[in-house]
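S.K.: So here's data26.txt (compact mmCIF, C-alpha atoms).
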```txt
# COMPACT_ATOMS: atom_id res chain seq x y z
CA MET B 1 137.20 52.78 79.07
CA LYS B 2 139.76 51.23 81.45
CA CYS B 3 143.18 49.92 80.33
CA VAL B 4 143.70 46.24 81.22
CA PHE B 5 147.42 46.90 81.79
CA CYS B 6 147.60 50.02 83.98
CA GLN B 7 143.91 50.30 84.99
CA SER B 8 143.80 53.97 83.96
CA SER B 9 140.71 55.38 82.25
CA PHE B 10 141.14 56.59 78.67
CA SER B 11 139.30 57.51 75.51
CA LYS B 12 140.53 56.75 72.01
CA SER B 13 140.16 58.67 68.75
CA LEU B 14 139.22 56.18 66.04
CA GLN B 15 140.34 55.99 62.44
CA LEU B 16 137.65 55.78 59.77
CA GLY B 17 138.08 52.02 59.27
CA GLU B 18 137.56 51.40 62.99
CA ILE B 19 134.23 53.19 63.39
CA PHE B 20 132.02 50.34 62.14
CA SER B 21 133.77 47.90 64.49
CA LEU B 22 133.12 50.27 67.39
CA HIS B 23 129.42 50.20 66.53
CA GLN B 24 129.63 46.43 67.01
CA GLY B 25 131.06 46.98 70.50
CA ILE B 26 134.61 45.94 69.61
CA GLU B 27 137.41 48.03 71.11
CA ASN B 28 141.01 47.67 72.27
CA SER B 29 141.26 47.88 76.06
CA CYS B 30 144.85 49.11 76.00
CA CYS B 31 145.54 52.80 76.61
CA PRO B 32 147.75 54.85 74.24
CA THR B 33 150.52 55.09 76.85
CA CYS B 34 150.78 51.31 77.30
CA PHE B 35 150.44 50.79 73.57
CA LEU B 36 153.62 52.81 73.05
CA GLU B 37 155.49 49.86 74.62
CA ILE B 38 154.12 47.43 72.01
CA ASN B 39 155.74 47.03 68.60
CA ARG B 40 153.29 46.28 65.81
CA LEU B 41 154.43 44.31 62.77
CA ASP B 42 155.05 46.67 59.86
CA MET B 43 155.56 44.81 56.59
CA THR B 44 156.55 48.05 54.84
CA GLN B 45 159.70 48.37 56.96
CA GLY B 46 162.75 46.18 56.32
CA ASN B 47 162.93 42.60 55.08
CA HIS B 48 160.71 39.81 56.43
CA CYS B 49 160.71 36.00 56.40
CA GLN B 50 158.51 34.82 53.54
CA TYR B 51 156.99 32.13 55.78
CA CYS B 52 156.47 33.54 59.30
CA LYS B 53 156.93 37.30 58.62
CA LYS B 54 159.66 37.74 61.24
CA GLN B 55 161.77 40.81 60.49
CA LEU B 56 165.21 39.85 59.19
CA ILE B 57 168.48 41.56 59.99
CA ASP B 58 170.15 40.16 56.86
CA GLN B 59 168.53 41.98 53.96
CA LYS B 60 169.72 39.33 51.50
CA ARG B 61 167.81 36.47 53.12
CA ASN B 62 164.19 35.52 52.47
CA ASP B 63 163.69 33.23 55.48
CA CYS B 64 164.52 33.27 59.19
CA GLY B 65 166.69 30.73 61.03
CA ASP B 66 163.68 28.75 62.32
CA CYS B 67 161.98 28.46 58.94
CA SER B 68 165.27 27.61 57.25
CA ARG B 69 165.69 24.74 59.69
CA TRP B 70 162.11 23.52 59.18
CA GLY B 71 162.64 23.59 55.44
CA LYS B 72 165.57 21.19 55.84
CA GLU B 73 164.04 18.91 58.48
CA LEU B 74 160.45 18.55 57.28
CA THR B 75 159.53 16.60 54.16
CA GLN B 76 156.71 19.01 53.36
CA PHE B 77 157.43 22.41 54.86
CA ASP B 78 154.47 24.70 54.20
CA LEU B 79 153.78 27.83 56.23
CA ASN B 80 151.84 31.04 55.63
CA HIS B 81 151.83 32.82 58.97
CA SER B 82 151.02 36.37 60.09
CA TYR B 83 150.97 38.13 63.45
CA LEU B 84 150.21 41.51 65.01
CA TYR B 85 152.99 42.35 67.48
CA GLU B 86 156.56 41.53 68.38
CA HIS B 87 156.88 39.35 71.49
CA ASN B 88 158.64 41.97 73.61
CA GLU B 89 158.64 42.58 77.37
CA LYS B 90 155.22 44.27 77.37
CA MET B 91 153.68 41.32 75.54
CA LYS B 92 155.38 38.87 77.92
CA GLU B 93 153.70 40.78 80.75
CA TYR B 94 150.39 40.50 78.88
CA PHE B 95 150.57 36.72 78.46
CA LYS B 96 151.75 36.19 82.04
CA GLN B 97 148.67 38.02 83.30
CA PHE B 98 146.33 36.41 80.76
CA LYS B 99 147.48 32.78 80.68
CA PHE B 100 149.46 32.03 83.80
CA LEU B 101 147.59 34.23 86.28
CA GLY B 102 144.25 33.49 84.61
CA ASP B 103 143.08 37.08 84.16
CA ILE B 104 140.38 36.59 81.51
CA GLY B 105 139.85 40.35 81.28
CA MET B 106 143.06 40.53 79.24
CA LYS B 107 141.14 38.99 76.32
CA ASP B 108 139.85 42.47 75.50
CA ALA B 109 143.25 44.15 75.24
CA PHE B 110 143.58 43.93 71.45
CA ALA B 111 140.04 42.98 70.41
CA LEU B 112 139.71 45.63 67.71
CA ASP B 113 143.14 44.99 66.17
CA ILE B 114 142.45 41.24 66.05
CA HIS B 115 139.00 41.80 64.54
CA LEU B 116 140.38 44.06 61.81
CA GLN B 117 143.20 41.60 61.08
CA LEU B 118 140.95 38.53 60.81
CA LYS B 119 137.65 39.82 59.44
CA SER B 120 138.82 39.34 55.83
CA PHE B 121 139.37 35.63 56.53
CA GLN B 122 135.88 35.46 58.00
CA GLU B 123 134.42 37.24 54.96
CA GLU B 124 136.25 34.85 52.62
CA LYS B 125 134.64 31.88 54.42
CA PHE B 126 137.82 30.50 55.97
CA ILE B 127 137.20 27.94 58.72
CA ILE B 128 138.91 29.52 61.72
CA ILE B 129 140.34 26.93 64.10
CA PRO B 130 141.82 27.93 67.48
CA ILE B 131 144.77 25.94 68.82
CA PRO B 132 143.27 23.80 71.62
CA ILE B 133 144.51 23.27 75.16
CA ALA B 134 144.41 20.02 77.14
CA LYS B 135 141.42 19.20 79.36
CA LYS B 136 143.47 19.50 82.56
CA ARG B 137 144.76 22.96 81.63
CA MET B 138 141.24 23.98 80.72
CA LEU B 139 140.06 22.88 84.18
CA ASP B 140 142.95 24.66 85.90
CA ARG B 141 142.66 27.94 83.98
CA GLY B 142 138.95 27.89 83.25
CA PHE B 143 139.24 29.11 79.66
CA ASN B 144 141.11 28.67 76.39
CA GLN B 145 142.91 31.99 75.88
CA VAL B 146 142.72 31.76 72.07
CA GLU B 147 138.97 31.17 72.06
CA SER B 148 138.59 33.99 74.60
CA PHE B 149 140.29 36.65 72.49
CA LEU B 150 138.45 35.45 69.37
CA ASP B 151 135.13 35.78 71.23
CA SER B 152 136.08 39.26 72.35
CA SER B 153 137.03 40.17 68.76
CA ASP B 154 133.72 38.84 67.33
CA ILE B 155 135.50 36.22 65.22
CA SER B 156 133.60 32.96 64.85
CA TYR B 157 135.51 29.66 64.99
CA GLU B 158 135.12 25.89 65.05
CA ARG B 159 136.77 23.44 67.45
CA LEU B 160 138.02 21.00 64.81
CA LEU B 161 141.44 20.37 66.33
CA ARG B 162 141.89 18.54 69.64
CA LYS B 163 144.81 18.04 71.99
CA LYS B 164 145.79 14.51 72.99
CA LYS B 165 147.03 15.13 76.51
CA GLN B 166 148.56 17.60 78.92
CA THR B 167 152.05 18.66 77.87
CA LYS B 168 154.57 21.08 79.32
CA ARG B 169 153.97 24.71 78.49
CA GLN B 170 156.13 25.91 75.59
CA SER B 171 157.43 28.63 77.92
CA GLU B 172 158.84 25.88 80.18
CA LEU B 173 160.84 24.29 77.36
CA ASN B 174 164.16 25.41 75.94
CA ARG B 175 164.57 25.90 72.20
CA GLU B 176 165.77 22.37 71.47
CA GLU B 177 162.99 20.80 73.54
CA ARG B 178 160.38 22.85 71.67
CA LEU B 179 161.74 21.74 68.32
CA ALA B 180 161.67 18.07 69.38
CA THR B 181 158.11 17.91 70.76
CA GLU B 182 155.87 15.13 69.43
CA GLN B 183 152.56 15.68 67.63
CA PRO B 184 150.11 16.79 70.36
CA PHE B 185 146.98 17.20 68.20
CA PHE B 186 144.43 15.03 66.45
CA VAL B 187 141.35 15.46 64.24
CA THR B 188 138.23 13.29 64.43
CA LYS B 189 136.73 11.80 61.25
CA ARG B 190 133.74 14.13 61.51
CA SER B 191 136.00 17.19 61.80
CA GLY B 192 138.16 15.91 58.96
CA LYS B 193 135.15 15.89 56.65
CA LYS B 194 134.49 19.55 57.46
CA ILE B 195 138.09 20.46 56.63
CA TYR B 196 138.16 18.68 53.26
CA GLN B 197 138.68 21.16 50.39
CA GLN B 198 138.12 24.16 52.67
CA GLN B 199 140.27 27.19 53.42
CA VAL B 200 141.53 27.04 57.00
CA LEU B 201 143.02 29.64 59.33
CA LEU B 202 144.76 28.33 62.46
CA VAL B 203 144.92 30.78 65.36
CA ASP B 204 147.31 30.73 68.31
CA ASP B 205 148.41 33.26 70.90
CA VAL B 206 152.22 33.14 70.58
CA TYR B 207 154.52 31.94 67.79
CA THR B 208 158.02 31.11 69.02
CA THR B 209 159.86 28.51 66.92
CA GLY B 210 156.77 27.53 64.93
CA ARG B 211 156.66 23.98 66.29
CA THR B 212 153.09 24.19 67.62
CA ILE B 213 151.63 25.77 64.48
CA LEU B 214 153.49 23.36 62.22
CA HIS B 215 152.18 20.40 64.23
CA ALA B 216 148.70 21.77 63.57
CA TYR B 217 149.42 22.17 59.83
CA GLU B 218 150.70 18.57 59.69
CA CYS B 219 147.63 17.31 61.54
CA LEU B 220 145.23 18.94 59.05
CA LYS B 221 147.02 18.10 55.79
CA PRO B 222 145.78 14.47 55.53
CA TYR B 223 142.22 15.86 55.28
CA LYS B 224 143.17 17.83 52.15
CA PRO B 225 142.16 21.41 52.93
CA ARG B 226 142.37 23.71 49.93
CA GLU B 227 144.55 26.16 51.83
CA ILE B 228 146.03 26.54 55.33
CA CYS B 229 147.11 29.86 56.83
CA SER B 230 147.91 30.76 60.42
CA PHE B 231 147.87 33.75 62.75
CA SER B 232 149.12 34.63 66.24
CA ILE B 233 148.98 37.75 68.37
CA THR B 234 152.79 37.81 68.71
CA ARG B 235 155.92 36.42 67.08
```
As structure tokens, please, write out the structure in this file.

M.R.:
Amino acid sequence: MKCVFCQSSFSKSLQLGEIFSLHQGIENSCCPTCFLEINRLDMTQGNHCQYCKKQLIDQKRNDCGDCSRWGKELTQFDLNHSYLYEHNEKMKEYFKQFKFLGDIGMKDAFALDIHLQLKSFQEEKFIIIPIPIAKKRMLDRGFNQVESFLDSSDISYERLLRKKKQTKRQSELNREERLATEQPFFVTKRSGKKIYQQQVLLVDDVYTTGRTILHAYECLKPYKPREICSFSITR
């Protein structure tokens, strides 16, 4: 196997729970050396935000600064988010290569980890909805990065959320601009009927302030899903 980061060949010793997934052809394409530069979320260590799972420095708090702000600003603040890795320099490199340089091969980097993280939602019959991208960005890039890594991870999904128009990338906005962005998504009547009284998992690539995911939550709520959760590769 070849690492999508450093292009070196490597083999990986699998844990017992990973063997069945390997039989399905699902593997991480990130070598052990590169993986040492990636920090995986560990809920057993330290204190974490009850909403977005960000690790907290203040052990007396139960929410992070972003979620505390959303709780004050939004009439109905509701968030149940999880993620795999911290958004550190190695993961910034990953998303630069994947999204901005259009290297679709990066979709395989964490396929096994994503599969193992999301398969329980699939087994529990959650409707898995990827965060969409605008038509122009789709034409420019040629793929939706969220759908690509879900395909690589053998996680089925439905395109029930749509994006209204091309907007600036979140990476191009400062913190205040991200927080102030208008609702970019919509749901058709047909999609709304599918969401009604169902369990839904929203999937994105990166969680920064939470504005994008919360827009998606707000867009789905009028269709009365039984439950909404969300997931991203990094936070």

S.K.: Do you have, as a Markdown table, the list of residues of segment 172-225 of chain B lying at most 9 Å from segment 155-163 of chain B, each with its nearest atom pair and that distance in Å to one decimal, counting all atoms listed in the file and ordered by chain then number?

M.R.:
```
| residue | atom | partner | partner_atom | distance |
| --- | --- | --- | --- | --- |
| B:Pro184 | CA | B:Lys163 | CA | 5.7 |
| B:Phe185 | CA | B:Lys163 | CA | 4.4 |
| B:Phe186 | CA | B:Arg162 | CA | 5.4 |
| B:Val187 | CA | B:Leu161 | CA | 5.3 |
| B:Thr188 | CA | B:Leu160 | CA | 7.7 |
| B:Arg190 | CA | B:Leu160 | CA | 8.7 |
| B:Ser191 | CA | B:Leu160 | CA | 5.3 |
| B:Gly192 | CA | B:Leu160 | CA | 7.8 |
| B:Lys194 | CA | B:Leu160 | CA | 8.3 |
| B:Ile195 | CA | B:Leu160 | CA | 8.2 |
| B:Ala216 | CA | B:Leu161 | CA | 7.9 |
| B:Cys219 | CA | B:Leu161 | CA | 8.4 |
| B:Leu220 | CA | B:Leu161 | CA | 8.3 |
```

S.K.: To one decimal place in Å, what is the distance between atom CA of Asn88 of chain B and atom CA of Phe10 of chain B?

M.R.: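 Taking atom CA of Asn88 of chain B and atom CA of Phe10 of chain B, their separation equals 23.4 Å.
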
S.K.: Quick one: of B:Tyr83, B:Phe35, B:Tyr217, B:Tyr223, who's nearest to Ile131 of chain B, counting only C-alpha atoms?

M.R.: B:Tyr217

S.K.: Counting all atoms listed in the file, figure out which residue out of B:Leu116, B:Ile133, B:Leu79, B:Met1 gets nearest to Glu227 of chain B.

M.R.: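 Distance minimum relative to Glu227 of chain B lands on B:Leu79.
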
S.K.: Work out how far atom CA of Phe126 of chain B is from atom CA of His48 of chain B, in Å to one decimal.

M.R.: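 Separation of atom CA of His48 of chain B and atom CA of Phe126 of chain B: 24.7 Å.
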
S.K.: Using only C-alpha atoms, I'd like a table of the residues in segment 1-115 of chain B that come within 12 Å of segment 202-213 of chain B; for each, show the closest atom pair and its distance in Å rounded to one decimal, ordered by chain and ascending number, as a Markdown table.

M.R.:
```
| residue | atom | partner | partner_atom | distance |
| --- | --- | --- | --- | --- |
| B:Tyr51 | CA | B:Gly210 | CA | 10.2 |
| B:Cys52 | CA | B:Gly210 | CA | 8.2 |
| B:Lys53 | CA | B:Tyr207 | CA | 10.9 |
| B:Lys54 | CA | B:Tyr207 | CA | 10.1 |
| B:Cys64 | CA | B:Thr209 | CA | 10.2 |
| B:Gly65 | CA | B:Thr209 | CA | 9.3 |
| B:Asp66 | CA | B:Thr209 | CA | 6.0 |
| B:Cys67 | CA | B:Gly210 | CA | 8.0 |
| B:Ser68 | CA | B:Thr209 | CA | 11.1 |
| B:Arg69 | CA | B:Thr209 | CA | 10.0 |
| B:Trp70 | CA | B:Gly210 | CA | 8.8 |
| B:Gly71 | CA | B:Gly210 | CA | 11.8 |
| B:Glu73 | CA | B:Arg211 | CA | 11.9 |
| B:Leu74 | CA | B:Arg211 | CA | 11.2 |
| B:Phe77 | CA | B:Gly210 | CA | 11.3 |
| B:Asp78 | CA | B:Ile213 | CA | 10.7 |
| B:Leu79 | CA | B:Ile213 | CA | 8.8 |
| B:Asn80 | CA | B:Leu202 | CA | 10.2 |
| B:His81 | CA | B:Ile213 | CA | 9.0 |
| B:Ser82 | CA | B:Tyr207 | CA | 9.5 |
| B:Tyr83 | CA | B:Tyr207 | CA | 8.4 |
| B:Leu84 | CA | B:Val206 | CA | 10.3 |
| B:Tyr85 | CA | B:Val206 | CA | 9.7 |
| B:Glu86 | CA | B:Val206 | CA | 9.7 |
| B:His87 | CA | B:Val206 | CA | 7.8 |
| B:Asn88 | CA | B:Val206 | CA | 11.3 |
| B:Met91 | CA | B:Val206 | CA | 9.7 |
| B:Lys92 | CA | B:Val206 | CA | 9.8 |
| B:Tyr94 | CA | B:Asp205 | CA | 11.0 |
| B:Phe95 | CA | B:Asp205 | CA | 8.6 |
| B:Lys96 | CA | B:Val206 | CA | 11.9 |
| B:Phe98 | CA | B:Asp205 | CA | 10.6 |
| B:Lys99 | CA | B:Asp205 | CA | 9.8 |
| B:Lys107 | CA | B:Asp205 | CA | 10.7 |
| B:Phe110 | CA | B:Asp205 | CA | 11.7 |
| B:Ile114 | CA | B:Val203 | CA | 10.8 |
```

S.K.: By how many Å are atom CA of Ser230 of chain B and atom CA of Lys12 of chain B apart?

M.R.: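 Atom-to-atom, atom CA of Ser230 of chain B and atom CA of Lys12 of chain B are spaced 29.4 Å apart.
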
S.K.: Pick the closest to Asn144 of chain B from B:Ile104, B:Asn174, B:Ala111, B:Pro222: which is it, counting all atoms listed in the file?

M.R.: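 Of B:Ile104, B:Asn174, B:Ala111, B:Pro222, the one nearest Asn144 of chain B, counting all atoms listed in the file, is B:Ile104.
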
S.K.: In terms of the shortest atom-to-atom distance over all atoms listed in the file, which of B:Lys136, B:Arg61, B:Arg141, B:Lys165 is closest to Phe100 of chain B?

M.R.: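 Closest residue, counting all atoms listed in the file: B:Arg141.
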
S.K.: Nearest to Glu89 of chain B among B:Ser232, B:Ser11, B:Lys221, B:Asn39, with distances taken over only C-alpha atoms: which residue is it?

M.R.: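 Counting only C-alpha atoms, the residue closest to Glu89 of chain B is B:Asn39.
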
S.K.: Show which residues sit within 9 Å of Lys125 of chain B, as a ChimeraX atom specification. Count only C-alpha atoms, and ignore same-chain residues fewer than 6 positions away.

M.R.: /B:198-200

S.K.: Please produce a file of the residues just selected, as a JSON list (two decimals), in the frame of the given file, where the atoms kept are C-alpha atoms.

M.R.:
```json
[["chain", "number", "residue", "atom", "x", "y", "z"],
["B", 198, "GLN", "CA", 138.12, 24.16, 52.67],
["B", 199, "GLN", "CA", 140.27, 27.19, 53.42],
["B", 200, "VAL", "CA", 141.53, 27.04, 57.00]]
```

S.K.: Which one of B:Gly102, B:Leu118, B:Glu123, B:Pro130 sits closest to Phe143 of chain B if you count all atoms listed in the file?

M.R.: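 Ranked by minimum distance to Phe143 of chain B, first place goes to B:Gly102.
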
S.K.: Taking every listed atom of segment 1-5 of chain B and adding 3 Å to each side, what centre and edge lengths in Å (one decimal) does the axis-aligned box have, as AutoDock Vina command-line options?

M.R.:
```
--center_x 142.3 --center_y 49.5 --center_z 80.4 --size_x 16.2 --size_y 12.5 --size_z 8.7
```
